[in-house]
file data38.cif (mmCIF, C-alpha atoms)
data_my_file
loop_
_atom_site.label_atom_id
_atom_site.label_comp_id
_atom_site.auth_asym_id
_atom_site.auth_seq_id
_atom_site.Cartn_x
_atom_site.Cartn_y
_atom_site.Cartn_z
CA MET H 117 38.51 52.43 15.46
CA SER H 118 36.15 49.49 15.86
CA LYS H 119 38.54 47.98 18.38
CA ALA H 120 38.40 51.13 20.44
CA ASN H 121 34.62 50.95 20.31
CA GLU H 122 34.68 47.37 21.55
CA HIS H 123 36.77 48.39 24.53
CA LEU H 124 34.52 51.35 25.12
CA ASP H 125 31.44 49.12 25.15
CA LYS H 126 32.89 46.82 27.78
CA LEU H 127 34.16 49.63 29.97
CA MET H 128 30.89 51.52 29.72
CA GLN H 129 29.01 48.41 30.81
CA GLU H 130 31.15 48.20 33.92
CA LEU H 131 30.81 51.91 34.55
CA ARG H 132 27.02 51.94 34.18
CA ARG H 133 26.42 48.98 36.43
CA GLY H 134 27.00 50.95 39.59
CA THR H 135 25.59 54.27 38.45
CA ILE H 136 22.24 52.77 37.51
CA THR H 137 21.75 51.68 41.11
CA ILE H 138 22.33 55.23 42.31
CA GLY H 139 19.97 56.53 39.63
CA VAL H 140 17.24 54.11 40.64
CA LEU H 141 17.58 54.84 44.35
CA SER H 142 17.46 58.58 43.66
CA GLN H 143 14.00 58.32 42.11
CA LEU H 144 12.36 56.19 44.79
CA SER H 145 11.68 58.58 47.64
CA GLU H 146 8.20 58.49 46.06
CA PRO H 147 6.65 55.13 45.20
CA GLN H 148 7.14 54.19 41.54
CA TYR H 149 6.38 51.16 39.45
CA GLY H 150 8.93 49.71 37.09
CA TYR H 151 7.93 51.22 33.79
CA SER H 152 7.37 54.72 35.19
CA LEU H 153 10.95 54.51 36.44
CA VAL H 154 12.23 53.57 32.99
CA THR H 155 10.55 56.57 31.34
CA GLU H 156 11.44 58.96 34.12
CA LEU H 157 15.09 58.00 34.12
CA SER H 158 15.33 58.15 30.34
CA GLU H 159 13.78 61.64 30.36
CA LYS H 160 16.64 62.62 32.66
CA GLY H 161 19.20 61.09 30.32
CA ILE H 162 19.77 57.80 32.10
CA HIS H 163 18.95 54.99 29.76
CA VAL H 164 18.05 51.69 31.43
CA GLU H 165 16.74 48.58 29.70
CA PRO H 166 13.57 47.30 31.38
CA GLY H 167 15.16 43.85 31.29
CA THR H 168 17.94 45.19 33.50
CA LEU H 169 15.85 47.41 35.72
CA TYR H 170 13.23 44.87 36.81
CA PRO H 171 15.65 42.29 38.13
CA LEU H 172 17.63 45.10 39.78
CA LEU H 173 14.55 46.33 41.64
CA ARG H 174 13.93 42.84 42.92
CA ARG H 175 17.52 42.46 44.05
CA LEU H 176 17.45 45.75 45.90
CA GLU H 177 14.21 44.72 47.56
CA LYS H 178 15.73 41.41 48.61
CA GLN H 179 18.69 43.26 50.11
CA GLY H 180 16.27 45.39 52.11
CA LEU H 181 16.95 48.73 50.41
CA LEU H 182 13.48 48.88 48.86
CA ASP H 183 9.97 48.10 50.01
CA SER H 184 7.34 46.99 47.54
CA LYS H 185 3.57 46.90 47.38
CA TRP H 186 1.09 45.67 44.80
CA ASP H 187 -1.49 48.28 43.83
CA THR H 188 -4.60 46.58 42.46
CA ASN H 189 -6.87 49.65 42.36
CA GLU H 190 -5.83 50.76 38.89
CA SER H 191 -6.80 49.23 35.54
CA ARG H 192 -3.93 46.79 35.77
CA PRO H 193 -2.13 45.64 38.92
CA ARG H 194 1.28 47.24 39.40
CA LYS H 195 4.07 46.63 41.82
CA TYR H 196 5.24 49.85 43.42
CA TYR H 197 8.70 50.24 44.89
CA LEU H 198 9.81 52.71 47.56
CA LEU H 199 13.02 53.35 49.49
CA SER H 200 13.08 51.63 52.85
CA GLU H 201 14.63 53.29 55.91
CA THR H 202 17.90 51.49 55.24
CA GLY H 203 17.58 52.40 51.58
CA LYS H 204 17.37 56.10 52.40
CA GLU H 205 20.44 55.92 54.59
CA VAL H 206 22.39 53.98 52.00
CA PHE H 207 21.40 56.40 49.26
CA ASP H 208 22.58 59.45 51.27
CA LEU H 209 25.91 57.77 51.94
CA LEU H 210 26.23 56.75 48.29
CA VAL H 211 25.70 60.34 47.15
CA VAL H 212 28.56 61.53 49.35
CA GLU H 213 30.83 58.82 47.94
CA TRP H 214 29.75 59.61 44.41
CA ARG H 215 30.56 63.31 44.79
CA SER H 216 34.00 62.54 46.06
CA ILE H 217 34.64 60.15 43.18
CA VAL H 218 33.53 62.73 40.64
CA GLN H 219 35.74 65.35 42.22
CA SER H 220 38.82 63.18 42.32
CA LEU H 221 38.32 61.86 38.81
CA ASN H 222 37.81 65.36 37.42
CA LEU H 223 41.04 66.39 39.02
CA VAL H 224 42.91 63.44 37.57
CA ILE H 225 41.45 63.83 34.10
CA GLU H 226 42.12 67.54 33.92
CA ASN H 227 45.72 67.22 35.12
CA LYS H 228 46.39 64.67 32.44
CA GLY H 229 44.78 66.97 29.87
CA ASP H 230 47.09 69.83 30.82
CA GLU H 231 50.13 67.65 30.37
CA LYS H 232 49.03 66.57 26.94
CA VAL H 233 48.47 70.11 25.78
CA GLY H 234 51.96 70.96 26.99
CA ASP H 235 53.49 68.06 25.07
CA ASP H 236 51.79 68.89 21.82
CA MET J 254 2.65 35.64 22.26
CA ILE J 255 2.96 37.60 25.50
CA ASN J 256 1.96 34.57 27.53
CA ARG J 257 4.50 32.46 25.77
CA TYR J 258 7.23 35.00 26.47
CA ILE J 259 6.33 35.23 30.16
CA TYR J 260 6.20 31.46 30.40
CA ALA J 261 9.61 31.16 28.79
CA VAL J 262 11.08 33.50 31.39
CA THR J 263 9.34 32.23 34.51
CA GLN J 264 9.73 28.51 33.93
CA LYS J 265 13.45 28.98 34.52
CA LEU J 266 12.86 30.67 37.88
CA PRO J 267 12.23 29.27 41.35
CA GLN J 268 8.61 28.31 41.94
CA ALA J 269 8.12 30.77 44.78
CA GLN J 270 8.88 33.84 42.66
CA ARG J 271 7.17 32.78 39.46
CA GLU J 272 3.73 34.26 39.97
CA ASP J 273 4.98 37.58 41.24
CA ILE J 274 7.47 38.03 38.43
CA ALA J 275 4.94 36.89 35.83
CA GLU J 276 2.47 39.53 36.96
CA GLU J 277 5.11 42.24 37.08
CA LEU J 278 6.36 41.30 33.62
CA ARG J 279 2.85 41.36 32.20
CA GLY J 280 2.33 44.85 33.62
CA LEU J 281 5.64 45.95 32.14
CA ILE J 282 4.82 44.60 28.68
CA GLU J 283 1.42 46.27 28.72
CA ASP J 284 3.00 49.55 29.78
CA MET J 285 5.55 49.29 27.02
CA LEU J 286 2.85 48.54 24.47
CA GLU J 287 0.80 51.49 25.62
CA ALA J 288 3.76 53.81 25.34
CA ARG J 289 4.45 52.51 21.84
CA VAL J 290 0.98 52.75 20.27
CA GLN J 291 -0.10 56.00 21.95
CA GLY J 292 -3.81 55.14 21.89
CA ARG J 293 -3.88 53.39 18.52
CA LYS J 294 -4.91 49.76 18.31
CA VAL J 295 -2.22 47.21 19.28
CA THR J 296 -1.05 44.98 16.43
CA ASP J 297 0.99 41.78 16.49
CA LYS J 298 3.89 43.75 15.13
CA ASP J 299 3.83 46.04 18.17
CA VAL J 300 3.85 43.07 20.53
CA GLU J 301 6.73 41.55 18.62
CA ALA J 302 8.76 44.76 18.75
CA VAL J 303 8.24 45.09 22.51
CA LEU J 304 9.26 41.49 23.20
CA VAL J 305 12.34 41.85 21.02
CA ALA J 306 13.24 44.98 22.98
CA LEU J 307 12.97 43.01 26.22
CA GLY J 308 15.47 40.54 24.82
CA ASN J 309 16.05 36.82 24.97
CA PRO J 310 13.88 35.29 27.71
CA LYS J 311 16.82 33.11 28.76
CA HIS J 312 18.93 36.16 29.50
CA LEU J 313 16.12 37.89 31.32
CA ALA J 314 15.56 34.83 33.51
CA GLN J 315 19.27 34.75 34.21
CA LYS J 316 19.20 38.36 35.37
CA TYR J 317 16.28 37.58 37.64
CA ARG J 318 18.03 34.61 39.16
CA GLY J 319 21.24 36.51 39.61
CA THR J 320 22.91 33.35 40.91
CA LYS J 321 26.39 32.18 40.13
CA LYS J 322 26.97 30.75 36.71
CA TYR J 323 29.79 28.37 37.39
CA LEU J 324 30.26 24.79 38.48
CA ILE J 325 33.46 25.21 40.45
CA GLY J 326 34.19 28.62 41.87
CA PRO J 327 37.46 30.52 42.02
CA GLU J 328 38.10 29.44 45.62
CA LEU J 329 38.14 25.74 44.81
CA PHE J 330 39.57 26.05 41.33
CA ASP J 331 43.26 25.71 42.23
CA ALA J 332 42.64 22.60 44.31
CA TYR J 333 40.41 21.22 41.58
CA ILE J 334 43.07 21.60 38.89
CA LEU J 335 45.71 20.05 41.17
CA VAL J 336 43.60 17.01 42.03
CA LEU J 337 42.52 16.63 38.42
CA LYS J 338 46.15 16.62 37.30
CA ILE J 339 47.10 14.00 39.88
CA VAL J 340 44.16 11.79 39.00
CA LEU J 341 44.69 12.00 35.25
CA ILE J 342 48.45 11.52 35.43
CA SER J 343 48.08 8.55 37.80
CA ILE J 344 45.64 6.86 35.49
CA ALA J 345 47.65 7.59 32.37
CA VAL J 346 50.85 6.27 33.97
CA SER J 347 49.17 3.14 35.35
CA MET J 348 47.62 2.34 32.03
CA GLY J 349 50.83 3.04 30.16
CA VAL J 350 52.81 0.74 32.45
CA GLY J 351 50.17 -1.97 32.13
CA PHE J 352 50.38 -1.64 28.36
CA VAL J 353 54.17 -1.95 28.37
CA ILE J 354 54.07 -5.01 30.64
CA GLN J 355 51.55 -6.70 28.38
CA ILE J 356 53.74 -6.05 25.35
CA ILE J 357 56.80 -7.46 27.09
CA LEU J 358 54.94 -10.60 28.11
CA ASN J 359 53.08 -11.18 24.92
CA PRO J 360 54.55 -9.20 22.05
CA ILE J 361 52.74 -11.13 19.35
CA SER J 362 49.28 -9.76 20.09
CA ILE J 363 50.55 -6.20 20.30
CA LEU J 364 47.72 -4.95 18.13
CA ASP J 365 45.09 -6.33 20.52
CA HIS J 366 46.87 -4.75 23.48
CA PHE J 367 47.01 -1.47 21.63
CA ILE J 368 43.29 -1.56 20.86
CA ASP J 369 42.51 -2.44 24.49
CA PHE J 370 44.73 0.40 25.58
CA ILE J 371 42.99 2.93 23.35
CA VAL J 372 39.53 1.71 24.36
CA SER J 373 40.21 1.91 28.08
CA PHE J 374 41.93 5.28 27.60
CA VAL J 375 38.86 6.70 25.92
CA THR J 376 36.49 5.33 28.57
CA VAL J 377 38.51 5.72 31.76
CA ILE J 378 39.95 9.21 31.30
CA PRO J 379 36.60 10.96 30.77
CA MET J 380 35.14 8.97 33.65
CA ALA J 381 37.89 10.06 36.03
CA PHE J 382 37.49 13.62 34.78
CA GLY J 383 33.76 13.44 35.35
CA TRP J 384 33.94 12.01 38.85
CA THR J 385 36.55 14.51 39.99
CA THR J 386 34.48 17.37 38.64
CA PHE J 387 31.35 15.90 40.19
CA GLY J 388 33.01 15.71 43.61
CA PHE J 389 34.20 19.28 43.47
CA ALA J 390 30.85 20.53 42.16
CA ILE J 391 29.18 18.98 45.20
CA GLY J 392 31.77 20.66 47.40
CA GLU J 393 31.06 23.98 45.71
CA TYR J 394 27.32 23.53 46.07
CA SER J 395 27.35 22.60 49.75
CA LYS J 396 29.81 25.42 50.45
CA GLY J 397 27.45 27.84 48.73
CA ILE J 398 24.85 27.08 51.37
CA HIS J 399 27.20 28.01 54.20
CA SER J 400 29.16 30.74 52.47
CA LYS J 401 27.37 33.48 54.37
CA ASP J 402 28.11 31.95 57.75
CA LEU J 403 31.71 31.36 56.79
CA GLN J 404 32.28 34.92 55.66
CA MET J 405 30.84 36.41 58.81
CA ASP J 406 33.89 35.89 60.97
CA LYS J 407 36.49 36.43 58.32
CA GLU J 408 38.36 39.08 60.19
CA TRP J 409 41.86 39.08 58.86
CA LYS J 410 44.97 40.07 60.77
CA VAL J 411 48.49 40.60 59.52
CA SER J 412 49.64 38.07 62.08
CA ASP J 413 47.58 35.47 60.19
CA LEU J 414 50.09 35.62 57.37
CA ALA J 415 51.99 32.37 57.05
CA PRO J 416 55.76 32.79 57.20
CA ILE J 417 57.64 32.26 53.97
CA PRO J 418 58.66 28.62 54.27
CA ASP J 419 62.29 27.82 54.76
CA LYS J 420 63.71 26.14 51.65
CA LYS J 421 64.86 23.24 53.80
CA ARG J 422 61.47 22.71 55.37
CA GLN J 423 59.54 23.11 52.17
CA ILE J 424 57.91 20.06 50.67
CA LYS J 425 58.06 20.02 46.92
CA ARG J 426 54.67 19.50 45.34
CA GLY J 427 56.16 17.43 42.56
CA GLU J 428 57.52 14.89 45.05
CA SER J 429 54.17 14.36 46.73
CA ILE J 430 52.40 14.12 43.38
CA THR J 431 54.94 11.60 42.10
CA GLY J 432 54.44 9.66 45.34
CA ILE J 433 50.68 9.54 44.86
CA ILE J 434 51.10 8.43 41.25
CA PHE J 435 53.33 5.56 42.34
CA TYR J 436 50.94 4.45 45.08
CA VAL J 437 48.10 4.43 42.56
CA LEU J 438 50.26 2.48 40.16
CA PHE J 439 51.00 -0.13 42.82
CA ILE J 440 47.35 -0.41 43.76
CA VAL J 441 46.44 -0.99 40.14
CA ILE J 442 49.17 -3.59 39.70
CA PHE J 443 48.31 -5.43 42.91
CA ALA J 444 44.60 -5.31 42.30
CA PHE J 445 44.56 -6.42 38.68
CA SER J 446 47.78 -8.18 37.84
CA SER J 447 49.15 -9.69 41.03
CA GLU J 448 49.99 -12.84 39.10
CA TYR J 449 52.94 -11.00 37.58
CA PHE J 450 54.43 -10.27 41.00
CA GLY J 451 57.24 -12.78 41.20
CA ILE J 452 60.19 -14.04 39.25
CA TRP J 453 59.60 -14.05 35.54
CA VAL J 454 60.61 -17.13 33.62
CA PHE J 455 61.75 -16.79 30.02
CA HIS J 456 62.39 -19.83 27.85
CA GLU J 457 62.92 -18.20 24.45
CA GLU J 458 59.81 -16.22 25.25
CA PHE J 459 57.84 -15.46 28.39
CA SER J 460 56.52 -18.70 29.78
CA GLY J 461 55.26 -17.93 33.26
CA VAL J 462 55.90 -16.45 36.67
CA VAL J 463 57.07 -18.04 39.87
CA PRO J 464 54.91 -15.97 42.22
CA PHE J 465 56.11 -14.60 45.54
CA LEU J 466 52.64 -14.63 46.98
CA ASN J 467 50.26 -17.45 47.74
CA GLU J 468 47.66 -17.13 45.03
CA GLU J 469 45.01 -19.05 46.93
CA THR J 470 44.98 -16.72 49.92
CA TYR J 471 45.88 -13.61 48.00
CA GLY J 472 42.27 -12.45 47.64
CA SER J 473 41.84 -12.06 51.38
CA TYR J 474 45.07 -10.07 51.66
CA LEU J 475 44.26 -7.71 48.81
CA PHE J 476 42.22 -5.55 51.16
CA PHE J 477 45.24 -4.98 53.39
CA ILE J 478 47.47 -4.23 50.44
CA ILE J 479 45.10 -1.59 49.11
CA LEU J 480 44.70 -0.22 52.62
CA ILE J 481 48.46 0.15 53.04
CA PHE J 482 48.91 1.99 49.75
CA GLY J 483 45.82 4.03 50.55
CA PHE J 484 47.54 5.18 53.74
CA GLY J 485 50.52 6.13 51.62
CA ILE J 486 48.28 8.34 49.50
CA ILE J 487 46.82 9.92 52.64
CA LYS J 488 50.34 10.70 53.81
CA GLU J 489 51.26 12.39 50.54
CA CYS J 490 48.01 14.36 50.62
CA LEU J 491 48.83 15.60 54.11
CA LYS J 492 52.21 16.74 52.83
CA LEU J 493 50.51 18.55 49.95
CA ILE J 494 48.14 20.31 52.30
CA PHE J 495 50.78 21.38 54.80
CA GLY J 496 53.32 22.33 52.14
CA LYS J 497 56.15 22.45 54.68
CA TRP J 498 57.46 20.33 57.50
CA THR J 499 55.89 21.15 60.84
CA MET J 500 55.72 19.26 64.11
CA LYS J 501 52.06 18.52 63.46
CA LEU J 502 52.80 17.06 60.06
CA VAL J 503 55.56 14.85 61.46
CA ILE J 504 53.14 13.52 64.08
CA TYR J 505 50.41 12.89 61.52
CA THR J 506 52.68 11.13 59.06
CA SER J 507 54.20 9.06 61.88
CA ILE J 508 50.73 7.92 62.89
CA VAL J 509 49.89 7.03 59.31
CA ASN J 510 53.20 5.18 58.98
CA LEU J 511 52.59 3.29 62.19
CA VAL J 512 49.14 2.18 61.09
CA SER J 513 50.40 0.95 57.74
CA MET J 514 53.29 -0.81 59.46
CA ILE J 515 50.90 -2.66 61.75
CA ALA J 516 48.87 -3.65 58.71
CA ILE J 517 51.98 -4.98 56.97
CA LEU J 518 53.05 -6.83 60.12
CA PHE J 519 49.66 -8.40 60.39
CA MET J 520 49.73 -9.42 56.75
CA VAL J 521 53.26 -10.75 56.35
CA ASN J 522 53.04 -12.81 59.55
CA GLY J 523 49.63 -14.16 58.66
CA PRO J 524 49.29 -17.78 57.67
CA ALA J 525 49.98 -18.66 54.06
CA PHE J 526 50.85 -15.21 52.81
CA TRP J 527 53.86 -16.29 50.85
CA ASN J 528 53.82 -18.89 48.11
CA PRO J 529 54.52 -22.17 49.95
CA ASP J 530 55.87 -23.88 46.83
CA PHE J 531 58.20 -21.06 45.84
CA MET J 532 61.44 -23.09 46.08
CA LEU J 533 59.91 -26.10 44.37
CA GLU J 534 58.60 -24.02 41.49
CA LEU J 535 61.91 -22.26 41.08
CA THR J 536 63.60 -25.61 40.74
CA GLN J 537 61.00 -26.82 38.29
CA ALA J 538 61.44 -23.72 36.19
CA GLY J 539 65.08 -24.69 35.81
CA PHE J 540 66.62 -21.83 37.78
CA LEU J 541 68.20 -24.00 40.42
CA THR J 542 69.11 -27.57 41.05
CA GLU J 543 68.33 -29.01 44.43
CA GLY J 544 71.29 -29.40 46.77
CA SER J 545 73.51 -26.90 44.94
CA GLU J 546 75.22 -23.95 46.64
CA ALA J 547 72.92 -21.50 44.88
CA PHE J 548 69.88 -23.41 46.06
CA ARG J 549 70.95 -23.14 49.69
CA THR J 550 71.58 -19.40 49.36
CA VAL J 551 68.25 -18.64 47.71
CA SER J 552 66.44 -20.90 50.12
CA GLY J 553 68.03 -19.09 53.07
CA VAL J 554 67.10 -15.68 51.68
CA TRP J 555 63.58 -16.86 50.97
CA GLU J 556 63.04 -18.27 54.45
CA GLN J 557 64.30 -15.15 56.13
CA SER J 558 62.60 -12.76 53.75
CA THR J 559 59.81 -12.00 56.19
CA SER J 560 62.17 -10.81 58.89
CA TRP J 561 64.26 -8.88 56.37
CA ILE J 562 61.23 -7.10 54.99
CA LEU J 563 60.14 -6.20 58.51
CA ILE J 564 63.56 -4.87 59.43
CA LEU J 565 63.70 -2.80 56.25
CA LEU J 566 60.20 -1.48 56.89
CA VAL J 567 60.84 -0.48 60.46
CA PHE J 568 64.06 1.17 59.42
CA GLY J 569 62.34 3.00 56.56
CA LEU J 570 59.50 4.25 58.68
CA ILE J 571 61.78 5.44 61.48
CA TRP J 572 63.95 7.14 58.88
CA ASP J 573 60.87 8.86 57.40
CA ALA J 574 59.79 10.22 60.77
CA ALA J 575 63.32 11.23 61.80
CA ASP J 576 63.87 12.95 58.47
CA GLY J 577 60.72 15.01 58.97
CA PHE J 578 61.66 15.80 62.54
CA LEU J 579 65.13 16.97 61.54
CA LYS J 580 63.66 19.17 58.83
CA VAL J 581 61.38 20.81 61.37
CA ARG J 582 64.25 21.51 63.70
CA LYS J 583 66.49 22.97 61.01
CA LYS J 584 66.81 26.69 61.28
#
call {"tool": "encode", "arguments": {"input": "data38.cif", "output": "structure tokens"}}
result
Amino acid sequence: MSKANEHLDKLMQELRRGTITIGVLSQLSEPQYGYSLVTELSEKGIHVEPGTLYPLLRRLEKQGLLDSKWDTNESRPRKYYLLSETGKEVFDLLVVEWRSIVQSLNLVIENKGDEKVGDD
Amino acid sequence: MINRYIYAVTQKLPQAQREDIAEELRGLIEDMLEARVQGRKVTDKDVEAVLVALGNPKHLAQKYRGTKKYLIGPELFDAYILVLKIVLISIAVSMGVGFVIQIILNPISILDHFIDFIVSFVTVIPMAFGWTTFGFAIGEYSKGIHSKDLQMDKEWKVSDLAPIPDKKRQIKRGESITGIIFYVLFIVIFAFSSEYFGIWVFHEEFSGVVPFLNEETYGSYLFFIILIFGFGIIKECLKLIFGKWTMKLVIYTSIVNLVSMIAILFMVNGPAFWNPDFMLELTQAGFLTEGSEAFRTVSGVWEQSTSWILILLVFGLIWDAADGFLKVRKK
């Protein structure tokens, strides 16, 4: 059983890597700072380590999908991130792709399930 | 504690990003602390728990950098392994042959030879390994700078596919690699133990060599000798790169052959290349007696050796080019 768990861990890591990006982009049509994103995503059931999220935000900014701005008006300075024009476009396209993946995978998984039930 | 953590992360990052990331990290840690204590006073334990949750600063810095974590990338790896194999095998073979020659010549001090052999093995092999890796790492690094430009025009067409090489035109890798190993071996022998290049004299045990070459002028010819074998290595490398006989390869190898032939011509015809006292020394060593039939034969061969070598060379080089040409034409 522990071996299965090991495999599961590795596969889940691979699986999450892409979905976290979609999750992050989905929340940034309003400006957010890093930690507010962590709590917001975890409230919605997407668990992201801050140590993963912060570098990701930077990478997305470097690629031009996000814009950022320091807000120094509050008690402590915070860096706010927001979708750029490109980012919005990319996110919309990603959602379409995601839906089609979910649909196809559901189909595949359910077909396989039917077969198994028949065999047993 | 927080400062130390932030320092540990940012000192591993490029200067330009340090301040920004430090500030962002500090904000994050404060936010995390706030969420944890919910208005109560912050204790050292809280700080510790938050930093542990953030994880090893090394890993965090790595995620921020997001750069490649390898010395030699997958694109160069095959070539790297190939070159490394050639280099290591060449060195091992050269040293092994040197060891055997030393034992033949002087079997009494075999233990000393063996110790020398082990010592040079331990020092030379890692050095060769290191230099090869170093060269490729530089290649990888400089390629990394241009990788974006290179990938821009990588439009791939089916017509780009190389045809499956004809068995007859194919050049076997093993042959080229063996060739390179032999050239290296010759360079090593000529560079370090030219005094053994001649006729070996044994009276009960090894007692000397009657050299073919003029030892006094040899030093000035060594450059040409290394050059000629170096051209041989270039030729084998070209064969490795092409992998099959093409018109281009035949032309390239012919040019390389021609250059090395000119170098040999220049060398062999040069003044005092051969040992001027060869016949005398042979007689002294007791091989021949002056005036005998054998003496006249050997003397004749020796005097005409230059022209014979040249004829053989020209023949060999023409054969090499013609062989390649025929292989290209074969359907």
call {"tool": "interface_residues", "arguments": {"input": "data38.cif", "of": "chain H", "to": "chain J", "cutoff": "8 Å", "atoms": "all atoms listed in the file", "output": "list in words"}}
result
Gly150, Tyr151, Glu165, Pro166, Gly167, Thr168, Tyr170, Pro171, Leu172, Arg174, Arg192, Pro193, Arg194 and Lys195 of chain H
call {"tool": "resolve_selection", "arguments": {"input": "data38.cif", "expression": "the PyMOL selection byres ((chain J and resi 470-485) around 8)", "output": "VMD selection string"}}
result
chain J and resid 433 436 to 437 439 to 440 443 to 444 466 to 469 486 to 489 509 to 510 513 516 to 517 520 525 to 526
call {"tool": "atom_distance", "arguments": {"input": "data38.cif", "atom1": "atom CA of J:Trp384", "atom2": "atom CA of J:Ala332"}}
result
14.8 Å
call {"tool": "resolve_selection", "arguments": {"input": "data38.cif", "expression": "the PyMOL selection byres ((chain H and resi 153) around 10)", "output": "short mmCIF file (atom, residue, chain, number, x, y, z; two decimals) with C-alpha atoms, keeping the file's coordinate frame"}}
result
data_model
loop_
_atom_site.label_atom_id
_atom_site.label_comp_id
_atom_site.auth_asym_id
_atom_site.auth_seq_id
_atom_site.Cartn_x
_atom_site.Cartn_y
_atom_site.Cartn_z
CA GLY H 139 19.97 56.53 39.63
CA VAL H 140 17.24 54.11 40.64
CA GLN H 143 14.00 58.32 42.11
CA LEU H 144 12.36 56.19 44.79
CA PRO H 147 6.65 55.13 45.20
CA GLN H 148 7.14 54.19 41.54
CA TYR H 149 6.38 51.16 39.45
CA GLY H 150 8.93 49.71 37.09
CA TYR H 151 7.93 51.22 33.79
CA SER H 152 7.37 54.72 35.19
CA VAL H 154 12.23 53.57 32.99
CA THR H 155 10.55 56.57 31.34
CA GLU H 156 11.44 58.96 34.12
CA LEU H 157 15.09 58.00 34.12
CA SER H 158 15.33 58.15 30.34
CA GLU H 159 13.78 61.64 30.36
CA VAL H 164 18.05 51.69 31.43
CA PRO H 166 13.57 47.30 31.38
CA LEU H 169 15.85 47.41 35.72
CA TYR H 170 13.23 44.87 36.81
CA TYR H 197 8.70 50.24 44.89
#
call {"tool": "atom_distance", "arguments": {"input": "data38.cif", "atom1": "atom CA of J:Gly577", "atom2": "atom CA of J:Trp498"}}
result
6.4 Å
call {"tool": "residues_around", "arguments": {"input": "data38.cif", "residues": "J:Val551", "least_positions_apart": "6", "cutoff": "12 Å", "atoms": "all atoms listed in the file", "output": "PyMOL selection string"}}
result
chain J and resi 531-533+535-536+540-545+557-558
call {"tool": "atom_distance", "arguments": {"input": "data38.cif", "atom1": "atom CA of J:Phe578", "atom2": "atom CA of J:Lys421"}}
result
11.9 Å
call {"tool": "resolve_selection", "arguments": {"input": "data38.cif", "expression": "the PyMOL selection byres ((chain J and resi 338-350) around 12)", "output": "NGL selection string"}}
result
:J and (331-337 or 351-357 or 366-367 or 369-386 or 426-446 or 486 or 489-490 or 493)
call {"tool": "residues_around", "arguments": {"input": "data38.cif", "residues": "J:Asp299", "least_positions_apart": "5", "cutoff": "9 Å", "atoms": "all atoms listed in the file", "output": "VMD selection string"}}
result
chain J and resid 286 289 to 290 304
call {"tool": "write_last_selection", "arguments": {"input": "data38.cif", "atoms": "C-alpha atoms", "output": "CSV table (one decimal), in the frame of the given file"}}
result
chain,number,residue,atom,x,y,z
J,286,LEU,CA,2.8,48.5,24.5
J,289,ARG,CA,4.4,52.5,21.8
J,290,VAL,CA,1.0,52.8,20.3
J,304,LEU,CA,9.3,41.5,23.2
call {"tool": "residues_around", "arguments": {"input": "data38.cif", "residues": "stretch 208-222 of chain H", "least_positions_apart": "5", "cutoff": "12 Å", "atoms": "only C-alpha atoms", "output": "list in words"}}
result
Gly134, Thr135, Thr137, Ile138, Gly139, Leu141, Ser142, Ser145, Leu199, Glu201, Thr202, Gly203, Asn227, Lys228 and Gly229 of chain H
call {"tool": "closest_residue", "arguments": {"input": "data38.cif", "among": "J:Arg582, J:Gly392, J:Asn528, J:Ser552", "to": "J:Arg422", "atoms": "all atoms listed in the file"}}
result
J:Arg582
call {"tool": "residues_around", "arguments": {"input": "data38.cif", "residues": "J:Ile325", "least_positions_apart": "4", "cutoff": "9 Å", "atoms": "only C-alpha atoms", "output": "list in words"}}
result
Leu329, Phe330, Tyr333, Thr386, Phe389, Ala390, Ile391, Gly392, Glu393 and Tyr394 of chain J
call {"tool": "closest_residue", "arguments": {"input": "data38.cif", "among": "J:Leu414, J:Leu324, J:Leu364, J:Val503", "to": "J:Asp576", "atoms": "all atoms listed in the file"}}
result
J:Val503
